[in-house]
$ cat model_3.txt   # compact mmCIF, C-alpha atoms and all ligand atoms
# COMPACT_ATOMS: atom_id res chain seq x y z
CA MET A 1 122.63 90.60 87.61
CA ASP A 2 125.00 93.44 88.30
CA GLY A 3 124.82 96.96 86.96
CA SER A 4 126.80 96.07 83.88
CA GLY A 5 124.04 93.88 82.54
CA VAL A 6 126.26 90.83 82.84
CA ILE A 7 125.06 87.74 84.55
CA ASP A 8 127.76 85.42 85.74
CA GLN A 9 127.01 81.79 85.33
CA ARG A 10 130.60 80.69 85.72
CA LYS A 11 129.67 78.15 88.33
CA GLN A 12 127.24 76.62 85.91
CA HIS A 13 127.73 73.47 83.99
CA GLY A 14 129.74 73.02 80.85
CA ARG A 15 128.65 71.34 77.66
CA ALA A 16 129.29 67.68 76.94
CA ALA A 17 129.10 67.27 73.20
CA ALA A 18 128.36 63.57 72.85
CA GLY A 19 125.01 62.52 71.42
CA GLY A 20 123.35 65.91 71.68
CA VAL A 21 123.14 65.55 75.46
CA THR A 22 124.59 67.92 78.00
CA ASN A 23 124.84 67.06 81.62
CA GLY A 24 125.97 68.51 84.90
CA ALA A 25 129.69 67.83 84.48
CA ALA A 26 131.76 70.98 84.97
CA ASP A 27 133.93 71.88 81.99
CA PRO A 28 136.75 74.22 82.93
CA ALA A 29 137.60 74.77 79.26
CA ARG A 30 134.35 76.69 78.94
CA ALA A 31 134.73 78.65 82.15
CA GLY A 32 133.75 82.24 81.46
CA ALA A 33 131.51 81.07 78.64
CA MET A 34 128.44 81.10 80.82
CA GLU A 35 127.68 84.79 80.97
CA ILE A 36 124.76 86.58 79.43
CA VAL A 37 126.03 89.88 78.12
CA GLY A 38 123.65 92.62 77.07
CA ARG A 39 122.46 96.03 78.10
CA SER A 40 119.96 96.77 75.36
CA GLN A 41 116.42 97.44 76.45
CA ALA A 42 115.28 94.10 75.03
CA MET A 43 117.98 92.14 76.88
CA LEU A 44 117.43 93.96 80.17
CA HIS A 45 113.76 93.13 79.87
CA LEU A 46 114.56 89.49 79.15
CA LEU A 47 117.00 89.27 82.09
CA GLN A 48 114.36 90.71 84.36
CA ARG A 49 111.82 88.15 83.21
CA ILE A 50 114.36 85.38 83.76
CA GLU A 51 114.76 86.50 87.39
CA THR A 52 111.02 86.28 87.95
CA VAL A 53 110.34 83.11 86.01
CA ALA A 54 113.29 81.24 87.53
CA ARG A 55 111.72 81.54 90.95
CA SER A 56 108.56 79.74 89.82
CA ASP A 57 108.44 76.12 88.81
CA ALA A 58 106.50 76.88 85.63
CA ARG A 59 107.42 75.22 82.37
CA VAL A 60 109.14 77.60 80.01
CA PHE A 61 109.44 77.66 76.25
CA VAL A 62 112.37 79.68 74.94
CA ALA A 63 111.89 81.04 71.42
CA GLY A 64 114.46 82.79 69.29
CA GLU A 65 116.45 82.53 66.09
CA SER A 66 119.43 80.24 65.86
CA GLY A 67 122.44 81.41 67.86
CA THR A 68 120.61 84.05 69.91
CA GLY A 69 121.44 82.44 73.28
CA LYS A 70 118.46 80.18 74.05
CA GLU A 71 120.60 77.57 75.74
CA LEU A 72 122.34 80.18 77.88
CA VAL A 73 118.96 81.50 78.96
CA THR A 74 117.83 78.00 79.91
CA ARG A 75 120.97 77.36 81.96
CA LEU A 76 120.46 80.63 83.74
CA LEU A 77 116.85 79.74 84.55
CA HIS A 78 118.08 76.54 86.14
CA ALA A 79 120.95 78.24 87.97
CA LYS A 80 118.57 80.73 89.52
CA SER A 81 115.86 78.21 90.41
CA ALA A 82 115.30 76.26 93.61
CA ARG A 83 116.42 73.21 91.62
CA ARG A 84 119.95 74.50 91.07
CA GLU A 85 121.58 71.90 93.34
CA HIS A 86 120.00 69.16 91.22
CA PRO A 87 120.91 68.07 87.70
CA PHE A 88 120.52 70.12 84.54
CA VAL A 89 120.11 67.66 81.69
CA ALA A 90 119.83 68.75 78.08
CA VAL A 91 118.66 66.69 75.15
CA ASN A 92 118.79 67.91 71.58
CA CYS A 93 115.66 66.37 70.08
CA ALA A 94 117.00 66.91 66.55
CA ALA A 95 120.15 64.89 67.23
CA PHE A 96 118.52 61.47 67.50
CA PRO A 97 116.67 59.23 65.05
CA ASP A 98 113.01 58.88 66.12
CA ALA A 99 113.32 55.45 67.73
CA LEU A 100 116.47 56.31 69.67
CA LEU A 101 115.05 59.55 71.01
CA GLU A 102 112.37 57.74 73.00
CA ALA A 103 114.97 55.37 74.42
CA GLU A 104 117.13 58.34 75.34
CA LEU A 105 114.33 60.23 77.05
CA PHE A 106 112.55 57.43 78.85
CA GLY A 107 115.21 54.74 79.17
CA TYR A 108 114.78 51.05 78.42
CA GLU A 109 114.87 47.60 79.90
CA ARG A 110 117.39 45.04 78.77
CA GLY A 111 116.10 43.36 75.59
CA ALA A 112 113.51 46.10 74.90
CA PHE A 113 114.78 46.27 71.30
CA SER A 114 117.61 44.72 69.36
CA GLY A 115 120.81 46.24 70.64
CA ALA A 116 119.45 46.90 74.15
CA PHE A 117 121.96 44.65 75.88
CA VAL A 118 121.71 46.36 79.24
CA ARG A 119 119.05 48.32 81.05
CA ARG A 120 119.49 52.08 80.72
CA GLU A 121 118.04 54.95 82.66
CA GLY A 122 116.52 57.70 80.54
CA ARG A 123 117.15 61.43 80.64
CA PHE A 124 113.91 62.08 82.51
CA GLN A 125 115.16 59.98 85.40
CA ALA A 126 118.59 61.54 85.22
CA ALA A 127 116.96 64.96 85.64
CA HIS A 128 114.94 63.93 88.71
CA LYS A 129 114.45 66.96 91.01
CA GLY A 130 116.28 69.11 88.47
CA THR A 131 115.63 70.56 85.02
CA LEU A 132 115.29 68.77 81.70
CA PHE A 133 116.06 70.97 78.70
CA LEU A 134 114.39 69.77 75.51
CA ASP A 135 116.27 71.60 72.80
CA GLU A 136 114.83 71.77 69.27
CA VAL A 137 111.58 70.43 70.71
CA ALA A 138 109.77 71.11 67.41
CA GLU A 139 111.59 68.06 66.02
CA LEU A 140 110.02 65.70 68.54
CA PRO A 141 108.27 62.86 66.65
CA LEU A 142 104.53 62.40 67.27
CA THR A 143 104.93 59.14 69.21
CA ALA A 144 107.39 60.73 71.64
CA GLN A 145 105.06 63.74 71.89
CA ALA A 146 102.26 61.51 73.20
CA LYS A 147 104.55 60.05 75.82
CA LEU A 148 105.90 63.44 76.80
CA LEU A 149 102.37 64.78 77.20
CA ARG A 150 101.64 62.00 79.67
CA VAL A 151 104.74 62.73 81.75
CA LEU A 152 103.81 66.39 81.89
CA GLU A 153 100.28 65.52 83.02
CA THR A 154 101.06 62.78 85.52
CA GLY A 155 104.82 62.90 86.16
CA ALA A 156 104.93 59.21 85.22
CA PHE A 157 106.12 57.10 82.28
CA GLU A 158 107.17 53.57 81.45
CA PRO A 159 110.67 52.91 80.17
CA LEU A 160 110.70 51.00 76.87
CA GLY A 161 110.16 47.27 77.35
CA THR A 162 108.45 47.50 80.74
CA ASN A 163 105.02 48.33 82.04
CA GLN A 164 106.33 49.52 85.33
CA SER A 165 105.64 53.15 85.87
CA VAL A 166 108.41 55.51 86.98
CA GLN A 167 107.49 58.73 88.78
CA VAL A 168 109.72 61.79 88.36
CA ASP A 169 109.82 65.37 89.53
CA VAL A 170 111.27 67.33 86.63
CA ARG A 171 110.92 70.90 85.41
CA VAL A 172 110.81 70.88 81.63
CA ILE A 173 112.22 73.82 79.72
CA SER A 174 112.08 73.61 75.95
CA ALA A 175 113.40 75.65 73.08
CA SER A 176 113.15 75.84 69.32
CA HIS A 177 114.42 78.16 66.63
CA THR A 178 111.45 77.31 64.42
CA SER A 179 107.91 78.33 65.21
CA LEU A 180 106.11 75.68 67.27
CA LYS A 181 102.82 77.29 66.40
CA GLU A 182 103.50 76.72 62.74
CA ARG A 183 104.32 73.07 63.42
CA VAL A 184 100.97 72.83 65.22
CA SER A 185 99.11 74.28 62.25
CA GLN A 186 100.94 71.83 59.96
CA GLY A 187 99.72 68.94 62.11
CA LEU A 188 103.29 68.06 63.10
CA PHE A 189 103.04 69.12 66.73
CA ARG A 190 100.23 68.35 69.19
CA GLU A 191 98.34 71.43 70.22
CA ASP A 192 97.71 70.12 73.76
CA LEU A 193 101.44 69.54 74.23
CA TYR A 194 102.23 72.98 72.78
CA TYR A 195 100.15 74.69 75.47
CA ARG A 196 101.61 72.56 78.24
CA LEU A 197 105.17 73.34 77.21
CA LYS A 198 104.74 77.07 76.88
CA VAL A 199 103.15 78.02 80.18
CA VAL A 200 105.63 80.87 80.06
CA GLN A 201 107.28 81.92 76.81
CA LEU A 202 110.55 83.82 76.70
CA GLU A 203 111.77 85.33 73.48
CA VAL A 204 115.47 85.93 72.88
CA PRO A 205 115.71 88.85 70.42
CA PRO A 206 117.89 88.60 67.30
CA LEU A 207 121.18 90.48 67.51
CA ARG A 208 120.32 92.83 64.61
CA THR A 209 117.54 94.35 66.74
CA ARG A 210 119.95 95.11 69.62
CA ARG A 211 123.05 96.40 67.92
CA GLY A 212 123.92 98.37 71.03
CA ASP A 213 125.00 95.03 72.53
CA VAL A 214 127.55 94.34 69.78
CA PRO A 215 130.47 96.34 71.32
CA LEU A 216 129.84 94.69 74.70
CA LEU A 217 129.78 91.25 73.13
CA VAL A 218 132.91 92.00 71.10
CA GLU A 219 134.72 92.94 74.30
CA HIS A 220 133.36 89.88 76.08
CA PHE A 221 134.58 87.51 73.38
CA LEU A 222 137.93 89.32 73.04
CA ARG A 223 138.46 88.73 76.75
CA ARG A 224 137.39 85.12 76.44
CA PHE A 225 139.64 84.34 73.51
CA ALA A 226 142.54 86.51 74.68
CA PRO A 227 145.76 84.57 74.22
CA ASN A 228 147.69 84.46 77.54
CA GLY A 229 145.30 86.97 79.06
CA GLN A 230 146.45 89.68 76.57
CA ILE A 231 143.25 91.27 75.29
CA PRO A 232 143.78 92.10 71.59
CA ARG A 233 143.12 95.63 70.38
CA ILE A 234 140.62 96.19 67.57
CA SER A 235 140.71 98.97 64.99
CA ALA A 236 137.94 101.53 64.74
CA ARG A 237 136.91 100.41 61.25
CA ALA A 238 136.84 96.73 62.23
CA LEU A 239 134.56 97.54 65.15
CA ALA A 240 132.39 99.73 62.92
CA SER A 241 131.92 96.92 60.41
CA LEU A 242 130.95 94.53 63.21
CA GLU A 243 128.42 97.05 64.40
CA SER A 244 126.81 97.51 61.01
CA TYR A 245 126.68 93.83 60.02
CA SER A 246 123.28 92.16 60.33
CA PHE A 247 124.47 88.85 61.90
CA PRO A 248 121.96 86.35 60.51
CA GLY A 249 123.68 83.75 62.72
CA ASN A 250 123.29 86.03 65.75
CA VAL A 251 125.62 85.88 68.76
CA ARG A 252 127.14 82.57 67.68
CA GLU A 253 128.22 84.13 64.37
CA LEU A 254 129.73 87.09 66.23
CA GLU A 255 131.52 84.72 68.60
CA HIS A 256 133.04 82.82 65.67
CA ALA A 257 134.01 86.04 63.89
CA ILE A 258 135.93 87.23 66.96
CA LEU A 259 137.58 83.87 67.47
CA GLN A 260 138.73 83.88 63.83
CA ALA A 261 139.98 87.45 64.14
CA VAL A 262 141.94 86.72 67.34
CA VAL A 263 143.61 83.73 65.71
CA LEU A 264 144.44 85.50 62.43
CA ALA A 265 145.63 88.73 64.05
CA ASN A 266 148.10 86.66 66.06
CA GLY A 267 148.76 89.36 68.64
CA GLU A 268 148.47 92.36 66.29
CA GLU A 269 145.61 94.84 66.33
CA ILE A 270 142.50 93.25 64.82
CA ASP A 271 141.60 94.89 61.52
CA LEU A 272 139.12 94.33 58.68
CA ARG A 273 141.35 91.75 57.01
CA HIS A 274 141.08 89.48 60.06
CA LEU A 275 137.28 89.42 60.04
CA PRO A 276 135.16 87.05 57.94
CA ARG A 277 134.57 88.46 54.46
CA GLU A 278 130.84 88.95 54.87
CA VAL A 279 131.41 91.00 58.04
CA ALA A 280 134.22 93.09 56.65
CA GLY A 281 132.48 93.53 53.27
CA SER A 282 132.27 97.09 52.07
CA GLY A 283 129.16 99.21 52.08
CA SER A 284 126.24 99.32 54.42
CA SER A 285 124.87 96.07 55.78
CA HIS A 286 121.55 97.02 54.26
CA MET A 287 123.07 96.48 50.82
CA ARG A 288 123.81 92.85 51.55
CA VAL A 289 120.43 91.62 50.46
CA GLU A 290 119.90 87.92 49.94
CA GLY A 291 116.73 86.44 48.46
CA THR A 292 113.81 88.83 48.16
CA PRO A 293 114.58 92.46 49.01
CA ARG A 294 112.63 93.80 51.99
CA PRO A 295 110.26 96.78 51.81
CA LEU A 296 112.17 100.04 51.52
CA SER A 297 110.33 101.52 54.52
CA ASP A 298 111.66 98.72 56.80
CA VAL A 299 115.25 99.18 55.66
CA MET A 300 115.04 102.98 55.87
CA GLY A 301 113.66 102.65 59.40
CA GLU A 302 116.55 100.39 60.45
CA PHE A 303 119.07 102.75 58.93
CA GLU A 304 117.49 105.77 60.61
CA ARG A 305 117.52 104.02 64.00
CA ASP A 306 121.18 102.99 63.69
CA TYR A 307 122.21 106.40 62.46
CA LEU A 308 120.47 108.25 65.31
CA ILE A 309 122.24 106.08 67.91
CA HIS A 310 125.53 106.57 66.09
CA ALA A 311 125.03 110.34 65.93
CA LEU A 312 124.08 110.57 69.61
CA ARG A 313 127.20 108.67 70.50
CA LEU A 314 129.33 111.03 68.49
CA MET A 315 127.65 113.95 70.25
CA GLY A 316 128.24 112.44 73.68
CA GLY A 317 124.51 111.87 74.17
CA ARG A 318 123.63 115.60 73.94
CA LYS A 319 120.23 115.42 72.29
CA ALA A 320 119.63 119.11 71.59
CA GLU A 321 123.02 119.47 69.92
CA CYS A 322 122.52 116.25 68.04
CA ALA A 323 119.12 117.35 66.72
CA ARG A 324 120.62 120.65 65.55
CA THR A 325 123.49 118.91 63.77
CA LEU A 326 121.12 116.51 62.06
CA GLY A 327 118.92 119.39 60.98
CA ILE A 328 115.81 118.24 62.80
CA SER A 329 113.90 119.63 65.75
CA ARG A 330 114.41 118.31 69.27
CA LYS A 331 110.83 117.17 69.26
CA SER A 332 111.35 115.26 66.05
CA LEU A 333 114.45 113.55 67.48
CA TRP A 334 112.57 112.63 70.61
CA GLN A 335 109.66 111.26 68.54
CA LYS A 336 111.97 109.17 66.39
CA LEU A 337 113.73 107.69 69.44
CA ARG A 338 110.34 106.78 70.82
CA LYS A 339 109.17 105.34 67.51
CA TYR A 340 112.23 103.08 67.29
CA ALA A 341 112.08 102.18 71.01
CA VAL A 342 115.59 103.47 71.67
CA GLY A 343 115.69 103.58 75.45
CA ASP A 344 118.16 105.16 77.86
CA ALA A 345 119.73 101.78 78.63
CA GLU A 346 120.59 101.23 74.98
CA LEU A 347 121.90 104.78 74.61
CA ASN A 348 124.04 104.42 77.72
CA ALA A 349 125.44 101.15 76.40
CA ALA A 350 126.19 102.82 73.07
CA MET A 351 127.81 105.71 74.91
CA SER A 352 130.26 103.41 76.65
CA THR A 353 131.87 102.70 73.26
CA PRO A 354 134.40 105.37 72.36
CA ALA A 355 132.92 107.65 69.70
CA LYS A 356 136.14 107.66 67.71
CA ALA A 357 135.76 103.92 67.25
CA LEU A 358 133.06 104.62 64.74
CA ALA A 359 134.49 107.63 63.09
N1 LIG A 401 124.02 87.33 75.54
C1 LIG A 401 125.09 86.56 75.39
N2 LIG A 401 126.22 86.82 76.06
C2 LIG A 401 127.32 86.07 75.91
N3 LIG A 401 127.39 85.00 75.10
C3 LIG A 401 126.30 84.68 74.42
C4 LIG A 401 125.08 85.43 74.52
N4 LIG A 401 124.15 84.86 73.72
C5 LIG A 401 124.74 83.81 73.14
N5 LIG A 401 126.03 83.69 73.54
C6 LIG A 401 126.99 82.66 73.09
O1 LIG A 401 126.65 82.39 71.73
C7 LIG A 401 126.68 80.99 71.46
C8 LIG A 401 125.31 80.55 71.02
O2 LIG A 401 124.41 80.59 72.12
P1 LIG A 401 123.35 79.40 72.39
O3 LIG A 401 123.96 78.08 72.10
O4 LIG A 401 122.76 79.61 73.74
O5 LIG A 401 122.30 79.79 71.25
P2 LIG A 401 120.98 79.03 70.79
O6 LIG A 401 119.92 80.06 70.68
O7 LIG A 401 120.73 77.88 71.70
O8 LIG A 401 121.38 78.55 69.34
P3 LIG A 401 120.73 77.35 68.45
O9 LIG A 401 119.34 77.77 68.07
O10 LIG A 401 121.60 77.30 67.24
O11 LIG A 401 120.76 76.12 69.28
C9 LIG A 401 127.15 80.32 72.74
O12 LIG A 401 128.53 80.07 72.67
C10 LIG A 401 126.85 81.33 73.81
O13 LIG A 401 127.79 81.22 74.86
MG MG A 402 120.71 75.81 71.26

$ encode --input "model_3.txt" --output "structure tokens"
Amino acid sequence: MDGSGVIDQRKQHGRAAAGGVTNGAADPARAGAMEIVGRSQAMLHLLQRIETVARSDARVFVAGESGTGKELVTRLLHAKSARREHPFVAVNCAAFPDALLEAELFGYERGAFSGAFVRREGRFQAAHKGTLFLDEVAELPLTAQAKLLRVLETGAFEPLGTNQSVQVDVRVISASHTSLKERVSQGLFREDLYYRLKVVQLEVPPLRTRRGDVPLLVEHFLRRFAPNGQIPRISARALASLESYSFPGNVRELEHAILQAVVLANGEEIDLRHLPREVAGSGSSHMRVEGTPRPLSDVMGEFERDYLIHALRLMGGRKAECARTLGISRKSLWQKLRKYAVGDAELNAAMSTPAKALA
């Protein structure tokens, strides 16, 4: 990681869409897509843990809401591990019907089931000496769970239609956007497997809890989607609305919003009208309540946190002056920053966005 909080994974593998499986094939079209951008306290902490965990061979479970960057984190773990010269194989457990998933993971012998015309190696074998990424692992059916448990315990399994054991050396990293623990309590996920998968757990924080990363991500995606290398400009109010939106779809939603804006702006400065309606919508993001409204104290806390960061940015980070302008004591400002865990890293990241952009 360099000082900018950006980790470059450019040399890492691209994504092959077919059948929910990714493999080691490089994909130049996604070059530049493999960077983890973030300078918020929470992301710096995560990046630090990745550095440490990657060096071990421990199994890792990556938790986090949809679109937060779990797959990126997994690829980085592989890229920084001793296994990096070996394959990185990803299987989306939710993308296969139950019966096919076992065939995909463990392979099969010719004639093992109707339609098995030729023998096929499974993903476990394909990942030998490398990393197998089990995405959406909560969706794994119970029969496949039993088989997976055995591989994790013994390193061995039998492809479908044989009783010949195959031995593999694979590091398993898994991820899920739903709570595995809840699946365990519902009797849908084996508890013994749960503990074996999450020897180490990494949590990718939702974007709304690290809004300081939004300007960095906006810049990152603008660069990535820049037509002919011309990075589009973005208006102050468009950037402000991106910063105040809650992004239920996390970084993926932000990525799509910027892509849409770049296309619609067609070389002009990006403005509110180029952003998706829900992002550009008027009023504070706290007003966009869906379902049951949240407790007022939570929402007030979020607003206060955002506003303090915004005010400090406008005041160039000068805390005493900021406290005076806000009509609170320095001590009170300091206490609030502590209460909301606003660290120096997040403030510095916020400071690197021009203050006028939010005015
Ligand atoms: N910190 C980040 N920096 C740069 N790009 C990011 C970051 N986090 C996520 N992305 C981008 O956002 C998109 C979604 O990330 P990813 O696929 O890793 O999320 P996910 O958590 O696996 O989502 P899902 O739960 O829906 O599978 C990807 O295109 C990824 O490149
Ligand atoms: Mg994913």

$ residues_around --input "model_3.txt" --residues "Glu153 of chain A" --least-positions-apart "3" --cutoff "12 Å" --atoms "only C-alpha atoms" --output "JSON, numbers by chain"
{"A": [146, 147, 148, 149, 150, 156, 157, 167, 168, 169, 170, 172, 192, 193, 195, 196, 197]}

$ residues_near_point --input "model_3.txt" --point "(135.5, 93.1, 57.9)" --cutoff "8 Å" --atoms "all atoms listed in the file" --output "tab-separated table (two decimals) with C-alpha atoms, keeping the file's coordinate frame"
chain	number	residue	atom	x	y	z
A	238	ALA	CA	136.84	96.73	62.23
A	241	SER	CA	131.92	96.92	60.41
A	242	LEU	CA	130.95	94.53	63.21
A	271	ASP	CA	141.60	94.89	61.52
A	272	LEU	CA	139.12	94.33	58.68
A	273	ARG	CA	141.35	91.75	57.01
A	274	HIS	CA	141.08	89.48	60.06
A	275	LEU	CA	137.28	89.42	60.04
A	276	PRO	CA	135.16	87.05	57.94
A	277	ARG	CA	134.57	88.46	54.46
A	278	GLU	CA	130.84	88.95	54.87
A	279	VAL	CA	131.41	91.00	58.04
A	280	ALA	CA	134.22	93.09	56.65
A	281	GLY	CA	132.48	93.53	53.27
A	282	SER	CA	132.27	97.09	52.07

$ atom_distance --input "model_3.txt" --atom1 "atom CA of Leu134 of chain A" --atom2 "atom CA of Lys70 of chain A"
11.3 Å

$ closest_residue --input "model_3.txt" --among "A:Phe133, A:Phe61, A:Phe221, A:Phe124" --to "ligand LIG 401 (chain A)" --atoms "all atoms listed in the file"
A:Phe221

$ atom_distance --input "model_3.txt" --atom1 "atom C1 of ligand LIG 401 (chain A)" --atom2 "atom CA of Ser179 of chain A"
21.6 Å

$ residues_around --input "model_3.txt" --residues "Leu140 of chain A" --least-positions-apart "6" --cutoff "10 Å" --atoms "all atoms listed in the file" --output "ChimeraX atom specification"
/A:92-94,96-98,101-102,134,146,148,188-189

$ closest_atom_pairs --input "model_3.txt" --of "chain A" --to "ligand LIG 401 (chain A)" --cutoff "9 Å" --atoms "all atoms listed in the file" --output "Markdown table"
| residue | atom | partner | partner_atom | distance |
| --- | --- | --- | --- | --- |
| A:Val6 | CA | A:LIG401 | N2 | 7.9 |
| A:Ile7 | CA | A:LIG401 | N2 | 8.6 |
| A:Arg30 | CA | A:LIG401 | O13 | 9.0 |
| A:Gly32 | CA | A:LIG401 | O13 | 9.0 |
| A:Ala33 | CA | A:LIG401 | O13 | 5.3 |
| A:Met34 | CA | A:LIG401 | O13 | 6.0 |
| A:Glu35 | CA | A:LIG401 | C2 | 5.2 |
| A:Ile36 | CA | A:LIG401 | N2 | 3.7 |
| A:Val37 | CA | A:LIG401 | N2 | 3.7 |
| A:Gly38 | CA | A:LIG401 | N1 | 5.5 |
| A:Met43 | CA | A:LIG401 | N1 | 7.8 |
| A:Val62 | CA | A:LIG401 | O6 | 8.7 |
| A:Ala63 | CA | A:LIG401 | O6 | 8.1 |
| A:Gly64 | CA | A:LIG401 | O6 | 6.3 |
| A:Glu65 | CA | A:LIG401 | O9 | 5.9 |
| A:Ser66 | CA | A:LIG401 | O9 | 3.3 |
| A:Gly67 | CA | A:LIG401 | O8 | 3.4 |
| A:Thr68 | CA | A:LIG401 | O6 | 4.1 |
| A:Gly69 | CA | A:LIG401 | O4 | 3.2 |
| A:Lys70 | CA | A:LIG401 | O6 | 3.7 |
| A:Glu71 | CA | A:LIG401 | O4 | 3.6 |
| A:Leu72 | CA | A:LIG401 | O4 | 4.2 |
| A:Val73 | CA | A:LIG401 | O4 | 6.7 |
| A:Thr74 | CA | A:LIG401 | O4 | 8.1 |
| A:Arg75 | CA | A:LIG401 | O4 | 8.7 |
| A:Asn92 | CA | A:LIG401 | O11 | 8.8 |
| A:Asp135 | CA | A:LIG401 | O11 | 7.3 |
| A:Glu136 | CA | A:LIG401 | O11 | 7.4 |
| A:Ala175 | CA | A:LIG401 | O7 | 7.8 |
| A:Ser176 | CA | A:LIG401 | O9 | 6.6 |
| A:His177 | CA | A:LIG401 | O9 | 5.1 |
| A:Thr178 | CA | A:LIG401 | O9 | 8.7 |
| A:Val204 | CA | A:LIG401 | O6 | 7.7 |
| A:Leu207 | CA | A:LIG401 | N4 | 8.9 |
| A:Asp213 | CA | A:LIG401 | N1 | 8.3 |
| A:Leu216 | CA | A:LIG401 | N2 | 8.8 |
| A:Leu217 | CA | A:LIG401 | C2 | 6.4 |
| A:His220 | CA | A:LIG401 | C2 | 7.1 |
| A:Phe221 | CA | A:LIG401 | N3 | 7.8 |
| A:Gly249 | CA | A:LIG401 | O10 | 8.1 |
| A:Asn250 | CA | A:LIG401 | O1 | 7.8 |
| A:Val251 | CA | A:LIG401 | O1 | 4.7 |
| A:Arg252 | CA | A:LIG401 | O1 | 4.1 |
| A:Glu253 | CA | A:LIG401 | O1 | 7.7 |
| A:Leu254 | CA | A:LIG401 | O1 | 7.9 |
| A:Glu255 | CA | A:LIG401 | O1 | 6.2 |
| A:His256 | CA | A:LIG401 | O12 | 8.8 |

$ write_last_selection --input "model_3.txt" --atoms "C-alpha atoms" --output "mmCIF file, in the frame of the given file"
data_model
loop_
_atom_site.group_PDB
_atom_site.id
_atom_site.type_symbol
_atom_site.label_atom_id
_atom_site.label_comp_id
_atom_site.auth_asym_id
_atom_site.auth_seq_id
_atom_site.Cartn_x
_atom_site.Cartn_y
_atom_site.Cartn_z
ATOM 1 C CA VAL A 6 126.260 90.830 82.840
ATOM 2 C CA ILE A 7 125.060 87.740 84.550
ATOM 3 C CA ARG A 30 134.350 76.690 78.940
ATOM 4 C CA GLY A 32 133.750 82.240 81.460
ATOM 5 C CA ALA A 33 131.510 81.070 78.640
ATOM 6 C CA MET A 34 128.440 81.100 80.820
ATOM 7 C CA GLU A 35 127.680 84.790 80.970
ATOM 8 C CA ILE A 36 124.760 86.580 79.430
ATOM 9 C CA VAL A 37 126.030 89.880 78.120
ATOM 10 C CA GLY A 38 123.650 92.620 77.070
ATOM 11 C CA MET A 43 117.980 92.140 76.880
ATOM 12 C CA VAL A 62 112.370 79.680 74.940
ATOM 13 C CA ALA A 63 111.890 81.040 71.420
ATOM 14 C CA GLY A 64 114.460 82.790 69.290
ATOM 15 C CA GLU A 65 116.450 82.530 66.090
ATOM 16 C CA SER A 66 119.430 80.240 65.860
ATOM 17 C CA GLY A 67 122.440 81.410 67.860
ATOM 18 C CA THR A 68 120.610 84.050 69.910
ATOM 19 C CA GLY A 69 121.440 82.440 73.280
ATOM 20 C CA LYS A 70 118.460 80.180 74.050
ATOM 21 C CA GLU A 71 120.600 77.570 75.740
ATOM 22 C CA LEU A 72 122.340 80.180 77.880
ATOM 23 C CA VAL A 73 118.960 81.500 78.960
ATOM 24 C CA THR A 74 117.830 78.000 79.910
ATOM 25 C CA ARG A 75 120.970 77.360 81.960
ATOM 26 C CA ASN A 92 118.790 67.910 71.580
ATOM 27 C CA ASP A 135 116.270 71.600 72.800
ATOM 28 C CA GLU A 136 114.830 71.770 69.270
ATOM 29 C CA ALA A 175 113.400 75.650 73.080
ATOM 30 C CA SER A 176 113.150 75.840 69.320
ATOM 31 C CA HIS A 177 114.420 78.160 66.630
ATOM 32 C CA THR A 178 111.450 77.310 64.420
ATOM 33 C CA VAL A 204 115.470 85.930 72.880
ATOM 34 C CA LEU A 207 121.180 90.480 67.510
ATOM 35 C CA ASP A 213 125.000 95.030 72.530
ATOM 36 C CA LEU A 216 129.840 94.690 74.700
ATOM 37 C CA LEU A 217 129.780 91.250 73.130
ATOM 38 C CA HIS A 220 133.360 89.880 76.080
ATOM 39 C CA PHE A 221 134.580 87.510 73.380
ATOM 40 C CA GLY A 249 123.680 83.750 62.720
ATOM 41 C CA ASN A 250 123.290 86.030 65.750
ATOM 42 C CA VAL A 251 125.620 85.880 68.760
ATOM 43 C CA ARG A 252 127.140 82.570 67.680
ATOM 44 C CA GLU A 253 128.220 84.130 64.370
ATOM 45 C CA LEU A 254 129.730 87.090 66.230
ATOM 46 C CA GLU A 255 131.520 84.720 68.600
ATOM 47 C CA HIS A 256 133.040 82.820 65.670
#

$ axis_aligned_box --input "model_3.txt" --around "segment 133-152 of chain A" --padding-each-side "4 Å" --output "AutoDock Vina command-line options"
--center_x 109.0 --center_y 65.5 --center_z 74.0 --size_x 22.6 --size_y 20.6 --size_z 23.9

$ atom_distance --input "model_3.txt" --atom1 "atom CA of Met315 of chain A" --atom2 "atom CA of Arg237 of chain A"
18.7 Å

$ closest_residue --input "model_3.txt" --among "A:Thr154, A:Ser56, A:Ser174, A:Ser332" --to "ligand MG 402 (chain A)" --atoms "only C-alpha atoms and all ligand atoms"
A:Ser174

$ closest_residue --input "model_3.txt" --among "A:Arg324, A:Val137, A:Arg294, A:Arg223" --to "ligand MG 402 (chain A)" --atoms "all atoms listed in the file"
A:Val137

$ closest_residue --input "model_3.txt" --among "A:Arg39, A:Gln260, A:Leu152, A:Arg55" --to "Met351 of chain A" --atoms "all atoms listed in the file"
A:Arg39

$ decode --input "model_3.txt" --residues "segment 212-222 of chain A" --atoms "C-alpha atoms" --output "short mmCIF file (atom, residue, chain, number, x, y, z; two decimals), in the first residue's frame"
data_model
loop_
_atom_site.label_atom_id
_atom_site.label_comp_id
_atom_site.auth_asym_id
_atom_site.auth_seq_id
_atom_site.Cartn_x
_atom_site.Cartn_y
_atom_site.Cartn_z
CA GLY A 212 -14.71 10.40 3.54
CA ASP A 213 -13.82 7.79 0.89
CA VAL A 214 -16.53 8.98 -1.52
CA PRO A 215 -14.50 11.81 -3.17
CA LEU A 216 -11.54 9.46 -3.61
CA LEU A 217 -13.73 6.79 -5.15
CA VAL A 218 -15.43 9.34 -7.41
CA GLU A 219 -12.02 10.42 -8.69
CA HIS A 220 -10.93 6.81 -9.09
CA PHE A 221 -13.98 5.90 -11.17
CA LEU A 222 -13.80 9.14 -13.19
#
